[in-house]
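**Student:** For reference, this is query21.txt, and it has compact mmCIF, C-alpha atoms.
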```txt
# COMPACT_ATOMS: atom_id res chain seq x y z
CA GLY A 1 152.89 36.22 -42.06
CA LEU A 2 153.08 33.66 -39.30
CA TYR A 3 153.71 29.99 -39.77
CA GLY A 4 155.30 28.85 -36.53
CA LYS A 5 157.50 31.95 -36.36
CA THR A 6 157.42 35.72 -36.57
CA LEU A 7 160.26 37.18 -38.61
CA GLY A 8 162.21 40.40 -38.58
CA LEU A 9 160.83 43.93 -38.52
CA ILE A 10 157.08 44.16 -39.04
CA GLY A 11 154.79 47.20 -38.79
CA LEU A 12 151.00 46.91 -38.77
CA GLY A 13 149.18 50.13 -39.62
CA GLY A 14 145.47 50.76 -40.03
CA ILE A 15 144.57 47.47 -38.30
CA GLY A 16 142.35 47.49 -35.22
CA GLU A 17 143.27 43.97 -34.10
CA ALA A 18 145.61 41.28 -35.40
CA THR A 19 145.66 37.64 -34.29
CA PHE A 20 148.65 35.30 -34.69
CA ARG A 21 147.74 31.67 -34.13
CA ALA A 22 149.76 28.45 -34.36
CA GLU A 23 148.83 24.89 -33.37
CA ASP A 24 152.24 24.31 -31.81
CA ASP A 25 154.82 27.08 -31.29
CA ILE A 26 155.25 30.73 -32.16
CA ARG A 27 159.02 31.27 -32.30
CA LEU A 28 160.11 34.90 -32.44
CA LEU A 29 163.11 35.23 -34.71
CA THR A 30 165.14 37.88 -36.51
CA PRO A 31 166.67 36.15 -39.58
CA SER A 32 170.32 36.77 -40.35
CA SER A 33 169.46 38.62 -43.57
CA TYR A 34 168.48 41.66 -41.50
CA GLY A 35 169.58 40.64 -38.02
CA TYR A 36 172.63 42.94 -37.95
CA LEU A 37 173.41 46.58 -38.68
CA ALA A 38 176.65 48.51 -38.78
CA SER A 39 177.59 49.65 -35.30
CA GLY A 40 176.98 53.33 -34.57
CA ASP A 41 180.28 53.46 -32.70
CA ASN A 42 182.41 51.54 -35.18
CA LEU A 43 181.12 51.12 -38.73
CA THR A 44 183.47 48.19 -39.33
CA GLU A 45 181.53 46.14 -36.77
CA ALA A 46 178.00 44.79 -36.71
CA VAL A 47 175.47 44.86 -33.88
CA ALA A 48 172.48 42.60 -33.40
CA VAL A 49 169.14 44.15 -34.34
CA PRO A 50 166.10 43.16 -32.30
CA GLY A 51 163.11 41.77 -34.08
CA VAL A 52 160.18 44.17 -33.81
CA LEU A 53 156.43 43.77 -34.25
CA LEU A 54 154.96 47.28 -34.05
CA SER A 55 151.22 47.85 -34.13
CA GLY A 56 148.73 50.65 -33.66
CA GLY A 57 146.01 48.17 -32.67
CA ASN A 58 145.45 45.16 -30.43
CA LEU A 59 147.60 42.04 -30.78
CA HIS A 60 146.64 38.49 -29.86
CA PHE A 61 149.07 35.54 -29.87
CA SER A 62 147.78 32.01 -29.43
CA ALA A 63 150.04 28.93 -29.40
CA THR A 64 151.10 26.06 -27.16
CA ARG A 65 154.44 27.83 -26.56
CA ILE A 66 155.59 31.36 -27.38
CA TYR A 67 159.29 32.14 -27.11
CA PRO A 68 162.25 33.98 -28.68
CA ALA A 69 164.78 31.97 -30.67
CA THR A 70 168.24 31.41 -29.21
CA GLY A 71 170.10 34.67 -28.64
CA ASN A 72 167.32 36.76 -30.19
CA ARG A 73 165.85 39.92 -28.69
CA PHE A 74 162.28 40.46 -29.87
CA VAL A 75 160.05 43.46 -29.13
CA ILE A 76 156.26 43.42 -29.34
CA SER A 77 154.92 46.96 -29.07
CA ALA A 78 151.32 48.15 -29.42
CA VAL A 79 151.51 51.94 -29.32
CA ALA A 80 147.83 53.03 -29.32
CA PRO A 81 146.78 54.65 -26.01
CA ASP A 82 144.48 51.80 -24.95
CA ALA A 83 145.90 48.90 -27.00
CA LEU A 84 145.91 45.34 -25.63
CA VAL A 85 148.52 42.64 -26.14
CA ARG A 86 147.13 39.25 -25.19
CA PHE A 87 148.76 35.82 -25.02
CA SER A 88 146.74 32.63 -24.81
CA GLY A 89 147.83 29.02 -24.50
CA GLY A 90 147.41 25.80 -26.37
CA THR A 91 146.12 22.46 -25.15
CA ALA A 92 149.27 21.14 -23.43
CA ASP A 93 148.73 20.74 -19.67
CA ASP A 94 152.45 20.75 -18.91
CA PRO A 95 154.36 22.29 -21.83
CA ARG A 96 158.08 21.57 -21.92
CA ALA A 97 160.63 24.36 -22.09
CA PRO A 98 161.70 24.86 -25.73
CA ILE A 99 165.20 24.16 -27.04
CA SER A 100 166.20 27.82 -26.90
CA ALA A 101 168.55 29.86 -24.70
CA GLY A 102 169.57 33.44 -24.05
CA GLY A 103 166.64 35.11 -25.83
CA SER A 104 164.65 38.15 -24.71
CA LEU A 105 160.96 38.90 -25.13
CA LEU A 106 160.05 42.54 -24.49
CA VAL A 107 156.39 43.58 -24.53
CA SER A 108 155.07 47.14 -24.46
CA ALA A 109 151.38 48.07 -24.45
CA ALA A 110 148.89 49.99 -22.35
CA ARG A 111 147.28 46.68 -21.35
CA ILE A 112 148.85 43.22 -21.28
CA GLU A 113 147.07 39.93 -20.57
CA GLN A 114 149.24 36.85 -20.17
CA GLY A 115 147.10 33.74 -20.35
CA GLY A 116 149.48 31.55 -22.34
CA ASN A 117 152.83 29.81 -22.07
CA LEU A 118 155.70 32.31 -22.44
CA PHE A 119 159.28 31.05 -22.35
CA ALA A 120 162.74 32.59 -22.60
CA PRO A 121 165.04 29.89 -21.15
CA ALA A 122 168.16 31.43 -19.55
CA GLY A 123 166.94 34.75 -20.96
CA GLN A 124 164.59 37.60 -20.16
CA ILE A 125 160.86 38.35 -20.30
CA VAL A 126 159.68 41.93 -19.76
CA LEU A 127 155.93 42.54 -19.64
CA GLY A 128 155.20 46.24 -19.64
CA VAL A 129 156.94 49.59 -19.34
CA SER A 130 156.44 51.84 -16.32
CA ASP A 131 158.19 54.92 -17.70
CA PRO A 132 159.10 55.16 -21.41
CA ALA A 133 161.57 57.98 -20.62
CA ASP A 134 163.50 55.96 -18.03
CA PRO A 135 167.14 55.52 -19.17
CA ASP A 136 167.14 51.78 -18.39
CA THR A 137 163.94 51.31 -20.39
CA ARG A 138 165.31 53.28 -23.34
CA ALA A 139 168.49 51.19 -23.28
CA LEU A 140 166.45 47.97 -23.23
CA PHE A 141 164.29 49.01 -26.20
CA SER A 142 167.08 50.49 -28.33
CA TYR A 143 170.14 49.44 -30.34
CA SER A 144 173.12 51.04 -32.05
CA GLY A 145 172.95 51.38 -35.81
CA VAL A 146 172.61 53.95 -38.56
CA ASN A 147 169.70 56.29 -39.23
CA ARG A 148 167.98 56.87 -42.60
CA PHE A 149 170.68 59.36 -43.52
CA GLY A 150 173.40 56.75 -43.06
CA GLU A 151 174.69 58.39 -39.89
CA PRO A 152 175.64 56.52 -36.67
CA ALA A 153 172.74 56.72 -34.22
CA THR A 154 170.97 55.01 -31.35
CA LEU A 155 167.66 53.71 -32.67
CA PHE A 156 164.66 53.50 -30.33
CA VAL A 157 161.66 51.21 -30.62
CA PRO A 158 158.47 53.18 -29.81
CA VAL A 159 156.97 52.15 -26.46
CA VAL A 160 154.11 53.33 -24.23
CA ALA A 161 153.51 53.34 -20.49
CA THR A 162 151.71 50.22 -19.28
CA ALA A 163 148.56 50.72 -17.20
CA SER A 164 147.87 47.07 -16.35
CA VAL A 165 149.44 43.61 -16.57
CA ARG A 166 147.26 40.58 -15.83
CA LEU A 167 148.75 37.11 -15.28
CA LEU A 168 145.75 34.87 -15.81
CA PRO A 169 145.07 31.54 -14.04
CA GLY A 170 146.79 28.63 -15.76
CA SER A 171 149.34 30.80 -17.54
CA LEU A 172 153.08 30.09 -17.42
CA THR A 173 155.82 32.72 -17.66
CA SER A 174 159.24 31.09 -17.40
CA VAL A 175 162.95 31.82 -17.97
CA SER A 176 164.01 28.42 -16.60
CA LEU A 177 165.95 25.87 -18.65
CA ALA A 178 163.99 23.23 -16.73
CA GLY A 179 167.09 21.04 -16.42
CA GLN A 180 167.77 20.95 -20.16
CA VAL A 181 171.23 21.24 -21.71
CA VAL A 182 170.90 23.53 -24.71
CA PRO A 183 173.70 23.98 -27.30
CA PHE A 184 174.21 27.75 -27.36
CA GLY A 185 175.28 29.28 -30.64
CA GLN A 186 174.22 29.45 -34.24
CA THR A 187 174.89 28.14 -37.73
CA VAL A 188 174.37 29.86 -41.07
CA ASP A 189 175.14 26.93 -43.35
CA GLY A 190 174.11 23.84 -41.37
CA GLN A 191 177.73 22.65 -41.29
CA ASN A 192 179.60 25.01 -38.96
CA TRP A 193 178.80 26.15 -35.46
CA ARG A 194 179.53 29.62 -34.10
CA TYR A 195 179.32 30.39 -30.40
CA ASP A 196 180.15 33.08 -27.85
CA GLY A 197 180.79 35.77 -30.44
CA SER A 198 179.30 38.54 -32.52
CA ALA A 199 179.06 38.65 -36.29
CA THR A 200 182.59 40.05 -36.55
CA SER A 201 184.48 38.99 -33.41
CA ALA A 202 187.35 36.51 -33.46
CA SER A 203 185.51 34.35 -30.93
CA GLY A 204 182.69 34.05 -33.44
CA ALA A 205 184.81 31.98 -35.80
CA ALA A 206 183.16 28.82 -37.12
CA THR A 207 183.80 25.58 -35.32
CA SER A 208 183.08 22.27 -37.08
CA VAL A 209 180.67 19.89 -35.41
CA PRO A 210 179.65 16.42 -36.61
CA ASP A 211 175.87 16.80 -36.58
CA LEU A 212 173.59 19.82 -36.25
CA THR A 213 170.33 18.04 -36.95
CA THR A 214 169.65 16.99 -33.36
CA PRO A 215 169.43 19.09 -30.17
```
If you convert what's in this file into structure tokens, what do you get?

**Tutor:**
Amino acid sequence: GLYGKTLGLIGLGGIGEATFRAEDDIRLLTPSSYGYLASGDNLTEAVAVPGVLLSGGNLHFSATRIYPATGNRFVISAVAPDALVRFSGGTADDPRAPISAGGSLLVSAARIEQGGNLFAPAGQIVLGVSDPADPDTRALFSYSGVNRFGEPATLFVPVVATASVRLLPGSLTSVSLAGQVVPFGQTVDGQNWRYDGSATSASGAATSVPDLTTP
């Protein structure tokens, strides 16, 4: 479900339309419990897995701010031939950029309406796919991992060609940090800070910091 955040890998089948609504933020996050898979090239390493919300019907997101968590890649894909993904905003006239950095929000659907406040500070927002077979598109919507037989493979998120993208009056689509200084990295225990590294790299070693409770 959704309570301020969407988590992990979610598939919605047999649903004509699903609405996700929050009074404040919808933060798109892949939790560490299934945020990594063994690398298809080197099974001793781990690669980041994008969060995925896959639907056969329409999707509607309504919140003051909608954004990926720091360093997270999140895919929203509605694969029905005429499906609509719609974003709508909250009541804030001038919403601030969230404390987040380096995330990606990738949206695939036949029709997309952006009437809300989408953020990916110092990151990437992609609204729509022109050609699902394009190599750059396939690279963007894929990741290295293992298939259901336990074999190394490149895994692809299903996408469809986009017929229309509408940026509605009053909407905001931004990748700006808006002058903020954002600590970039992550913690798994609330005590140690890891930055500039993967789950297995030497540069990902924990670094002690005095306080992780404030931005």

**Student:** With only C-alpha atoms as the basis for distance, which of A:Gly11, A:Gly150, A:Gly115, A:Gly51 is at the shortest distance from Ser88 (chain A)?

**Tutor:**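 Looking only at the distances to Ser88 (chain A), the closest residue turns out to be A:Gly115.
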
**Student:** Go ahead and compute the interatomic distance for CA of Ser62 (chain A) and CA of Arg21 (chain A), in Å to one decimal.

**Tutor:**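 For CA of Ser62 (chain A) relative to CA of Arg21 (chain A), the distance reads 4.7 Å.
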
**Student:** Which of these residues is nearest to Pro95 (chain A), using all atoms listed in the file: A:Phe184, A:Phe141, A:Phe156, A:Phe119?

**Tutor:** A:Phe119

**Student:** Please indicate the distance in Å from CA of Val49 (chain A) to CA of Leu9 (chain A), rounded to one decimal place.

**Tutor:**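 Separation of CA of Val49 (chain A) and CA of Leu9 (chain A): 9.3 Å.
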
**Student:** Rank A:His60, A:Arg27, A:Arg111, A:Arg86 by their smallest atom-to-atom distance to Ala163 (chain A), using all atoms listed in the file, and report the top residue only.

**Tutor:** A:Arg111

**Student:** Any idea what the distance is between CA of Ser171 (chain A) and CA of Gly116 (chain A)?

**Tutor:** 4.9 Å

**Student:** Find the axis-aligned box for region 9-19 of chain A, covering all its listed atoms and adding 4 Å on each side, and write its centre and edge lengths in Å to one decimal as JSON.

**Tutor:**
```
{"center_x": 151.6, "center_y": 44.2, "center_z": -37.1, "size_x": 26.5, "size_y": 21.1, "size_z": 13.9}
```

**Student:** Step by step: start from the point (163.5, 51.5, -34.5) in the file's coordinates, keep every protein, DNA or RNA residue that has an atom no farther than 10 Å from it, count all atoms listed in the file, and write the set as a JSON list (two decimals) with C-alpha atoms, in the frame of the given file.

**Tutor:**
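To be explicit, this is the file written out as selection-v4.json:
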```json
[["chain", "number", "residue", "atom", "x", "y", "z"],
["A", 9, "LEU", "CA", 160.83, 43.93, -38.52],
["A", 49, "VAL", "CA", 169.14, 44.15, -34.34],
["A", 50, "PRO", "CA", 166.10, 43.16, -32.30],
["A", 51, "GLY", "CA", 163.11, 41.77, -34.08],
["A", 52, "VAL", "CA", 160.18, 44.17, -33.81],
["A", 54, "LEU", "CA", 154.96, 47.28, -34.05],
["A", 141, "PHE", "CA", 164.29, 49.01, -26.20],
["A", 142, "SER", "CA", 167.08, 50.49, -28.33],
["A", 143, "TYR", "CA", 170.14, 49.44, -30.34],
["A", 144, "SER", "CA", 173.12, 51.04, -32.05],
["A", 145, "GLY", "CA", 172.95, 51.38, -35.81],
["A", 147, "ASN", "CA", 169.70, 56.29, -39.23],
["A", 154, "THR", "CA", 170.97, 55.01, -31.35],
["A", 155, "LEU", "CA", 167.66, 53.71, -32.67],
["A", 156, "PHE", "CA", 164.66, 53.50, -30.33],
["A", 157, "VAL", "CA", 161.66, 51.21, -30.62],
["A", 158, "PRO", "CA", 158.47, 53.18, -29.81]]
```

**Student:** Using all atoms listed in the file, which of the listed residues (A:Ile10, A:Ala18, A:Val85, A:Val75) sits closest to Ala110 (chain A)?

**Tutor:**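 Counting all atoms listed in the file, the residue closest to Ala110 (chain A) is A:Val85.
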
**Student:** Closest to Ala120 (chain A) among A:Asn72, A:Ser174, A:Thr162, A:Ser108, using all atoms listed in the file?

**Tutor:** A:Ser174

**Student:** Given the choices A:Leu105, A:Ile112, A:Val181, A:Ala22, which gets closest to Ala161 (chain A) if the distance is worked out from only C-alpha atoms?

**Tutor:**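 Closest to Ala161 (chain A), using only C-alpha atoms: A:Ile112.
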
**Student:** Any chance you could model N, CA, C and O atoms for region 123-138 of chain A and send them as a tab-separated table (two decimals), in the frame of the given file?

**Tutor:**
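To be explicit, this is the file written out as out29.tsv:
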```tsv
chain	number	residue	atom	x	y	z
A	123	GLY	N	167.03	33.44	-20.32
A	123	GLY	CA	166.94	34.75	-20.96
A	123	GLY	C	166.14	35.74	-20.13
A	123	GLY	O	166.25	35.78	-18.92
A	124	GLN	N	165.28	36.49	-20.80
A	124	GLN	CA	164.59	37.60	-20.16
A	124	GLN	C	163.21	37.79	-20.76
A	124	GLN	O	163.03	37.73	-21.97
A	125	ILE	N	162.22	37.99	-19.88
A	125	ILE	CA	160.86	38.35	-20.30
A	125	ILE	C	160.49	39.63	-19.57
A	125	ILE	O	160.56	39.70	-18.35
A	126	VAL	N	160.12	40.66	-20.33
A	126	VAL	CA	159.68	41.93	-19.76
A	126	VAL	C	158.27	42.19	-20.24
A	126	VAL	O	158.02	42.32	-21.45
A	127	LEU	N	157.33	42.26	-19.30
A	127	LEU	CA	155.93	42.54	-19.64
A	127	LEU	C	155.57	43.93	-19.12
A	127	LEU	O	155.31	44.12	-17.94
A	128	GLY	N	155.61	44.91	-20.00
A	128	GLY	CA	155.20	46.24	-19.64
A	128	GLY	C	156.34	47.21	-19.39
A	128	GLY	O	157.46	46.81	-19.07
A	129	VAL	N	156.00	48.49	-19.53
A	129	VAL	CA	156.94	49.59	-19.34
A	129	VAL	C	156.31	50.58	-18.37
A	129	VAL	O	155.19	51.05	-18.61
A	130	SER	N	156.99	50.89	-17.28
A	130	SER	CA	156.44	51.84	-16.32
A	130	SER	C	156.67	53.28	-16.75
A	130	SER	O	155.80	54.14	-16.58
A	131	ASP	N	157.84	53.56	-17.30
A	131	ASP	CA	158.19	54.92	-17.70
A	131	ASP	C	158.99	54.87	-19.00
A	131	ASP	O	160.17	54.52	-18.98
A	132	PRO	N	158.38	55.23	-20.14
A	132	PRO	CA	159.10	55.16	-21.41
A	132	PRO	C	160.35	56.05	-21.46
A	132	PRO	O	161.24	55.80	-22.28
A	133	ALA	N	160.42	57.07	-20.61
A	133	ALA	CA	161.57	57.98	-20.62
A	133	ALA	C	162.69	57.52	-19.70
A	133	ALA	O	163.77	58.12	-19.71
A	134	ASP	N	162.47	56.46	-18.95
A	134	ASP	CA	163.50	55.96	-18.03
A	134	ASP	C	164.72	55.50	-18.82
A	134	ASP	O	164.58	54.78	-19.82
A	135	PRO	N	165.93	55.90	-18.41
A	135	PRO	CA	167.14	55.52	-19.17
A	135	PRO	C	167.32	54.02	-19.33
A	135	PRO	O	167.75	53.56	-20.40
A	136	ASP	N	167.01	53.24	-18.28
A	136	ASP	CA	167.14	51.78	-18.39
A	136	ASP	C	166.15	51.21	-19.40
A	136	ASP	O	166.48	50.29	-20.16
A	137	THR	N	164.93	51.76	-19.42
A	137	THR	CA	163.94	51.31	-20.39
A	137	THR	C	164.37	51.65	-21.81
A	137	THR	O	164.28	50.83	-22.73
A	138	ARG	N	164.87	52.87	-22.01
A	138	ARG	CA	165.31	53.28	-23.34
A	138	ARG	C	166.48	52.43	-23.83
A	138	ARG	O	166.57	52.09	-25.01
```
